[in-house]
Number of protein chains: 6
Amino acid sequence: MIQEIIERALAEDIGSGDVTTRSTIDPEAEGDAVIVAKEDFVLAGYETFLSVFLALDPSIDYSVDYVDGDKVEKGATIVGIGGPLRVLLTGERVALNLLQRMCGIATLTAKYVEAVKGTNTVILDTRKTTPGLRVLEKYAVTVGGGKNHRTGLYDGILIKDNHIAAAGGIKKAVKAARERAPHTLKVEVECETLADVKEALTAKADMIMLDNMDLKAMKEAVGFIKGRVLVEASGNMGIERVRSVARTGVDFISVGALTHSAPAVDISMKVKGRR
Amino acid sequence: MIQEIIERALAEDIGSGDVTTRSTIDPEAEGDAVIVAKEDFVLAGYETFLSVFLALDPSIDYSVDYVDGDKVEKGATIVGIGGPLRVLLTGERVALNLLQRMCGIATLTAKYVEAVKGTNTVILDTRKTTPGLRVLEKYAVTVGGGKNHRTGLYDGILIKDNHIAAAGGIKKAVKAARERAPHTLKVEVECETLADVKEALTAKADMIMLDNMDLKAMKEAVGFIKGRVLVEASGNMGIERVRSVARTGVDFISVGALTHSAPAVDISMKVKGRR
Amino acid sequence: MIQEIIERALAEDIGSGDVTTRSTIDPEAEGDAVIVAKEDFVLAGYETFLSVFLALDPSIDYSVDYVDGDKVEKGATIVGIGGPLRVLLTGERVALNLLQRMCGIATLTAKYVEAVKGTNTVILDTRKTTPGLRVLEKYAVTVGGGKNHRTGLYDGILIKDNHIAAAGGIKKAVKAARERAPHTLKVEVECETLADVKEALTAKADMIMLDNMDLKAMKEAVGFIKGRVLVEASGNMGIERVRSVARTGVDFISVGALTHSAPAVDISMKVKGRR
Amino acid sequence: MIQEIIERALAEDIGSGDVTTRSTIDPEAEGDAVIVAKEDFVLAGYETFLSVFLALDPSIDYSVDYVDGDKVEKGATIVGIGGPLRVLLTGERVALNLLQRMCGIATLTAKYVEAVKGTNTVILDTRKTTPGLRVLEKYAVTVGGGKNHRTGLYDGILIKDNHIAAAGGIKKAVKAARERAPHTLKVEVECETLADVKEALTAKADMIMLDNMDLKAMKEAVGFIKGRVLVEASGNMGIERVRSVARTGVDFISVGALTHSAPAVDISMKVKGRR
Amino acid sequence: MIQEIIERALAEDIGSGDVTTRSTIDPEAEGDAVIVAKEDFVLAGYETFLSVFLALDPSIDYSVDYVDGDKVEKGATIVGIGGPLRVLLTGERVALNLLQRMCGIATLTAKYVEAVKGTNTVILDTRKTTPGLRVLEKYAVTVGGGKNHRTGLYDGILIKDNHIAAAGGIKKAVKAARERAPHTLKVEVECETLADVKEALTAKADMIMLDNMDLKAMKEAVGFIKGRVLVEASGNMGIERVRSVARTGVDFISVGALTHSAPAVDISMKVKGRR
Amino acid sequence: MIQEIIERALAEDIGSGDVTTRSTIDPEAEGDAVIVAKEDFVLAGYETFLSVFLALDPSIDYSVDYVDGDKVEKGATIVGIGGPLRVLLTGERVALNLLQRMCGIATLTAKYVEAVKGTNTVILDTRKTTPGLRVLEKYAVTVGGGKNHRTGLYDGILIKDNHIAAAGGIKKAVKAARERAPHTLKVEVECETLADVKEALTAKADMIMLDNMDLKAMKEAVGFIKGRVLVEASGNMGIERVRSVARTGVDFISVGALTHSAPAVDISMKVKGRR
């Protein structure tokens, strides 16, 4: 799957050929490159980065100074690679585009995880990922210390407001899911009020999502649920707020911004020919 | 190409099936949905948004209240769609993921364009796009008022520092490009100093990129070039700085952040069953 | 997905062209065909059957006399189709190959379901499906009255003997799954003895599979579990035995033979030209 | 082609990941597995079986105790494989699904071949194969001692009842095929009566299929044809009947059940971790 | 298959977009085009030509003045099409590339067919086709009045000199083919001498190819064969020679040049905007 | 890309299997083959030739006697390959089809290049290539000493008569291209008269194509342009005429026949088994 992402990205960028490199660089010329952090961040994706060059030329050499999960400081050399100069130059942009994005996600996730440190709350991602890159982005979340929510619509049941409205209420929706959905999946229900929570528990939901509730309402809900099922808080989870949400005792906080709005971190690649 | 992006995104999210929707929603049930802005932004991608649902079911109805390029205010209804509830619910996340990202890019671009208003400088994007989504992201840049730089490595020659180092200097690199690259493409050269600029012009470059120069250096370079070739400024182009850069007289300012770090805008979809 | 199966099957059979039909049948000639049951069975897959012809020519006409789930008697006409004779003749074999297999599975499943009638036990399929046809075969099971177990390795956790051995025991395996696997999935554990069942429950398994146990052992296990979690019986579930297994009180009986050994039912297609 | 079947089957089963194995088995852990016959059968497909694991990890080790065509007795170890435990566990089901099916077909074919032993009649398969698996199933037939009929609609001409009706009679159909079909292919004609046979021979058919005839009619037809062309008997060829059919002197007996109704044989895989 | 050829050809030419048309032609502008013969030729491929435009836009209109097989004179308008100007301009080159090549093949074939007029000899093509375009090129041969030899290596047996050498002689090779190859295919043998012909007939070949023989040798061979099997002459079949070859009484003459060396015919497309 | 062309070509030819080779050649048998020139030509594509066999079996051995660009004389052995006889025989036709075509193009190009020797004019190809094979054909042109024009519609702007007519004149068309097309591409304009040339220069075209002009008109145009922009001559460029065209002083002459009408050169492959 990751191989396909890389090949698609290379095809998108290279098209019928890297005309600059092809015309200015001797096909026999070899060189080396270092990948340097231009700010502090959590590394995620160095193997994906290397795979881009290996997809172009399996003989590329490399050395690895940091691995995924490491905190990298501005100025540090993360990875060194060597091989045909044409390969280094042609793969650079795609490799950096992937790496900078993955590190951005891991770094933002790590900030959220740090913010809830000492509580029992786990930071989750959502399905608000970049179309086509979900596998890499969900991986970057785990590197940053978060946990993944369902991978897609096929491996988890989450009955949301729109399902509830369309199905005619929480009770009916949960009952339908219990009967017709695969018995291997838990049934999670999105609740906006304590009344919703009660109805969901009565209907035998396996998990409750507290959607867009304020702190007081969440605390009340957690108190009512009393550990019978897992509880997830969601909606508007800015980093300044997550610690107080975690203190309400929820098991999970899910954060869309981890994947849809993490800024890319700044990384550069410096290439040098060999003589 | 866009069709493939959408199909890939749907496959990624739906996999073997939307188990929640399939178990809670009657296959015959019909409904309507409105797409509502939760903040102010520039709309980009409403056709892509609709194409997601049409890929699931070509019979979907829709009405369009805003088109790409429009400034949308918080609370506005952008688009309405109607059809089988299952289709509305299953397509929601993928459609929003694409739309929110595209609007984010258009909105950030529009801010840069606004910042250089009144000058002759044009805002350009870069190849720092999301792997696999370049065509959509470059389109969103144009919706926001920017112009596209080359689409990939195949339709423009940009001799960068790494090429220059590897080729043995600006003069050699430009000469090689002139001889070997397609004669249909212009030759652009990345310059870090005025000396570089002079060498590039002597070597008959068609376009100059001023890389990471300060304002003074840029002004000097523009003065030296005197309109003989197009000039692009690049590197570290924070929005607070672009107006002063534009005033140096450069023709283009290219901004990687337009595509690699634009936060997603907030948009929601509200679904209602029909009776 | 189903569309891809059909296209692949047609490509496999037609290759560079149906030389018999092309050389003996006038391209303009139209005709009609009836699909006739040559034995009694449960119908499953008539839409797939029609889709084969529609993939060759979207203008094909058809009338439907029975729908999926119907019991069809020998001699009955199931479906009638009309259109270009070439299309009818070229699509015949692929369409029948799919239909006969799907009906075979539905028919065998219905026999199992009938055998446990009056109990609370549900008949499940397994992952012992024909490679490439799982979606159609799992569908045929539901048409026959069974329920689907997990679709693949990605939407259910089933810790089997081999996992237990490799992980160092039931307790360790369940604990690892609880911590590392998606929290949206239930954890099912394969148990061969009552001791296994006890260990699994203590470790907080969400579901128990009784593997290859005799009736007495199953009864004992069900008694011990007392409805706290769902119970599945598996292994060697010949049709002559399932009723007594159901009577032990297990919630599910899973049967690999439904998909790996159901014989095709006999169906023929009779074509007639129009004058 | 076989590689594609395997990759498709693995994708179908693994989807976004084997969550059980991934969460319970250490990525570094190595192990060994033996594949054991749980009943007597003819082996077919051990290379396909191994290819499944090699597709997941090219470094897998294996030892082979039986090869295709061997008669395997219950309890025998067919193949041993070793490597990362995760690979062994993730590939198990797909590999067994393919192997059990192929052995089932070879075993059933061998019974038919045994039944006609001593005659000059050859057992043929048909196009009644599992969509998408034809190449593997036709191979399994040859392993069992049968011979393949045409691979698809493109490499053999078989004028069946439906073609005859549509073309306006045997004579017209054969003439059309002679003129328009590739001259590299023989023309076979399905005949239901001796009159059909005579008409087909007069029209210069290269081969005759006797369709659903009784023994007496077949004997008569064979007598009439007198070796001038090859003769195939088809329709309703239960194993109890094939010997008497063979004795009529037909060159071939084609049997759809070989591929559409062969039950899977019982094979298990036992995995053990290395310490 | 043809659809795929067209889509591949369009992707190859259009890549990331037709920048000339996109920048110079209004997206709303409509126009008409005529396709004009610039020399005399036999038309082949007008439907393929139209399919190129229909692949870009299914709403394209067209009128057809000549159909495949027609002799077209210089100056004649073959086809007219109308629709969005952008579509007409973007599809032009791919459509003409295909049409000019197909007409070239049909025209050359027609010359060969004309040259053997009045004899019973049929002109055949070979497998010396353009990789990827065989289906179109073999079709063009039939339009020109030729007949197709086998489509590929899978639907005909042709034992050539290299097979004979490797198999240890004609007799051994034919015997092996009779036993192991599909019984639905005829066995053709390449012969270089009369002795070869005799050996092939004794071994029961179904068809003889006379390879690179002179007229006298061919006449002798045909005399010896006396109509028992079909005879094909091959090798060095320049148009000036085919009539005398045909007069030796061979059934077929196969000509590689039909597809590997037919020059493209000259056709132009003239586009006009609508007001 | 080239790998895909080869795989597609092999699939097209081999389909479900090479029945001749499979039935007549022992799978274990090894052999050697030499590739021999049957006429004089310029070699192009020997690596592509070898890649065909390597795609079938990566263990194939080979020795190379000539490389691309070499002039090969009739009778010379170009390449030797060794390995399984089946691979040699099965790959032969596809490998030769590609090689013969590529050599044909290089040889014709070399004749054009020779014809303009001593002038400053460069021979260019066009987009009149074989659909699907452009990358190989454009490469063969460079081997023959020519240079490539744009690769497709995406990496060069060429405003042709049809664009001019549709856009409302040269001036409007060039202006539109300047504003809307990527600034990385030069703008070339097709001119039929000196007046066109003047209008194009005034509108700031970067390059002029003189289309179907006679020698006198071309000389006049070149004189007027005086080296300010590059000049290409096109249309009706038979080899007998190119030297006089070159002498008008044009920078480029583009020749469609290089790729659409180059006859295949004659090359044969002789296979011998090893004992």
# chains A, B, ... in the order shown; residues from 1 in each chain; ligands from 1
$ interface_residues --of "chain A" --to "chain F" --cutoff "12 Å" --atoms "only C-alpha atoms" --output "PyMOL selection string"
chain A and resi 7+11+14-19
$ select_by_dssp --residues "segment 7-201 of chain E" --states "helix (DSSP H, G or I)" --output "count of residues only"
92
$ atom_distance --atom1 "atom CA of Asn236 of chain C" --atom2 "atom CA of Gly75 of chain D"
16.9 Å
$ atom_distance --atom1 "atom CA of Val187 of chain D" --atom2 "atom CA of Lys147 of chain D"
18.4 Å
$ residues_around --residues "Thr202 of chain A" --least-positions-apart "3" --cutoff "12 Å" --atoms "only C-alpha atoms" --output "list in words"
Ile170, Lys171, Lys172, Val174, Lys175, Val189, Ala195, Asp196, Val197, Lys198, Glu199, Ala205, Asp206, Met207, Ile208, Ile225, Arg228 and Val229 of chain A
$ closest_residue --among "D:Ile159, D:Ala221, D:Val265, D:Ile2" --to "Ser23 of chain C" --atoms "only C-alpha atoms"
D:Ile159
$ residues_around --residues "Asp70 of chain C" --least-positions-apart "5" --cutoff "9 Å" --atoms "only C-alpha atoms" --output "ChimeraX atom specification"
/C:41-44,143
$ closest_residue --among "A:Asp65, A:Arg86, A:Arg180, A:Leu99" --to "Thr24 of chain A" --atoms "only C-alpha atoms"
A:Arg86
$ atom_distance --atom1 "atom CA of Ala165 of chain E" --atom2 "atom CA of Phe252 of chain E"
24.7 Å
$ select_by_dssp --residues "segment 39-204 of chain B" --states "strand (DSSP E)" --output "PyMOL selection string"
chain B and resi 41-42+61-64+71-72+77-84+122-124+157-159+187-191
$ residues_around --residues "Lys270 of chain A" --least-positions-apart "3" --cutoff "8 Å" --atoms "only C-alpha atoms" --output "list in words"
Ala33, Val34, Ile35 and Val36 of chain A; Asn162 of chain B
$ write_last_selection --atoms "all heavy atoms" --output "PDB file, in the first residue's frame"
ATOM      1  N   ALA A  33      23.965  12.953   0.065  1.00  0.00           N
ATOM      2  CA  ALA A  33      23.071  14.000   0.554  1.00  0.00           C
ATOM      3  C   ALA A  33      22.826  13.802   2.037  1.00  0.00           C
ATOM      4  O   ALA A  33      22.851  12.671   2.529  1.00  0.00           O
ATOM      5  CB  ALA A  33      21.741  13.954  -0.203  1.00  0.00           C
ATOM      6  N   VAL A  34      22.641  14.920   2.728  1.00  0.00           N
ATOM      7  CA  VAL A  34      22.224  14.840   4.131  1.00  0.00           C
ATOM      8  C   VAL A  34      20.877  15.514   4.273  1.00  0.00           C
ATOM      9  O   VAL A  34      20.588  16.502   3.586  1.00  0.00           O
ATOM     10  CB  VAL A  34      23.241  15.504   5.087  1.00  0.00           C
ATOM     11  CG1 VAL A  34      24.495  14.640   5.191  1.00  0.00           C
ATOM     12  CG2 VAL A  34      23.570  16.913   4.620  1.00  0.00           C
ATOM     13  N   ILE A  35      20.076  14.944   5.165  1.00  0.00           N
ATOM     14  CA  ILE A  35      18.745  15.487   5.410  1.00  0.00           C
ATOM     15  C   ILE A  35      18.814  16.152   6.777  1.00  0.00           C
ATOM     16  O   ILE A  35      19.093  15.501   7.786  1.00  0.00           O
ATOM     17  CB  ILE A  35      17.693  14.365   5.384  1.00  0.00           C
ATOM     18  CG1 ILE A  35      17.464  13.938   3.928  1.00  0.00           C
ATOM     19  CG2 ILE A  35      16.364  14.843   5.949  1.00  0.00           C
ATOM     20  CD1 ILE A  35      18.617  13.340   3.222  1.00  0.00           C
ATOM     21  N   VAL A  36      18.538  17.441   6.792  1.00  0.00           N
ATOM     22  CA  VAL A  36      18.806  18.255   7.978  1.00  0.00           C
ATOM     23  C   VAL A  36      17.522  18.898   8.509  1.00  0.00           C
ATOM     24  O   VAL A  36      16.729  19.441   7.747  1.00  0.00           O
ATOM     25  CB  VAL A  36      19.822  19.364   7.635  1.00  0.00           C
ATOM     26  CG1 VAL A  36      20.161  20.192   8.866  1.00  0.00           C
ATOM     27  CG2 VAL A  36      21.084  18.757   7.040  1.00  0.00           C
TER      28      VAL A  36
ATOM     29  N   ASN B 162      21.458  22.470  -5.790  1.00  0.00           N
ATOM     30  CA  ASN B 162      22.022  21.135  -5.879  1.00  0.00           C
ATOM     31  C   ASN B 162      22.445  20.765  -7.302  1.00  0.00           C
ATOM     32  O   ASN B 162      23.462  20.106  -7.499  1.00  0.00           O
ATOM     33  CB  ASN B 162      21.021  20.093  -5.349  1.00  0.00           C
ATOM     34  CG  ASN B 162      20.929  20.118  -3.826  1.00  0.00           C
ATOM     35  OD1 ASN B 162      21.903  20.460  -3.135  1.00  0.00           O
ATOM     36  ND2 ASN B 162      19.763  19.788  -3.289  1.00  0.00           N
TER      37      ASN B 162
END
$ residues_around --residues "Glu28 of chain D" --least-positions-apart "4" --cutoff "10 Å" --atoms "only C-alpha atoms" --output "compact mmCIF listing (two decimals) with C-alpha atoms, in the first residue's frame"
# COMPACT_ATOMS: atom_id res chain seq x y z
CA GLY D 83 10.23 -17.50 8.86
CA PRO D 84 8.65 -14.59 10.68
CA LEU D 85 5.69 -15.80 12.72
CA ARG D 86 3.61 -12.87 11.52
$ residues_around --residues "segment 47-54 of chain C" --least-positions-apart "5" --cutoff "10 Å" --atoms "only C-alpha atoms" --output "ChimeraX atom specification"
/C:2-3,5-7,9-10,59-64,67-68,79-83,87-100,102,136
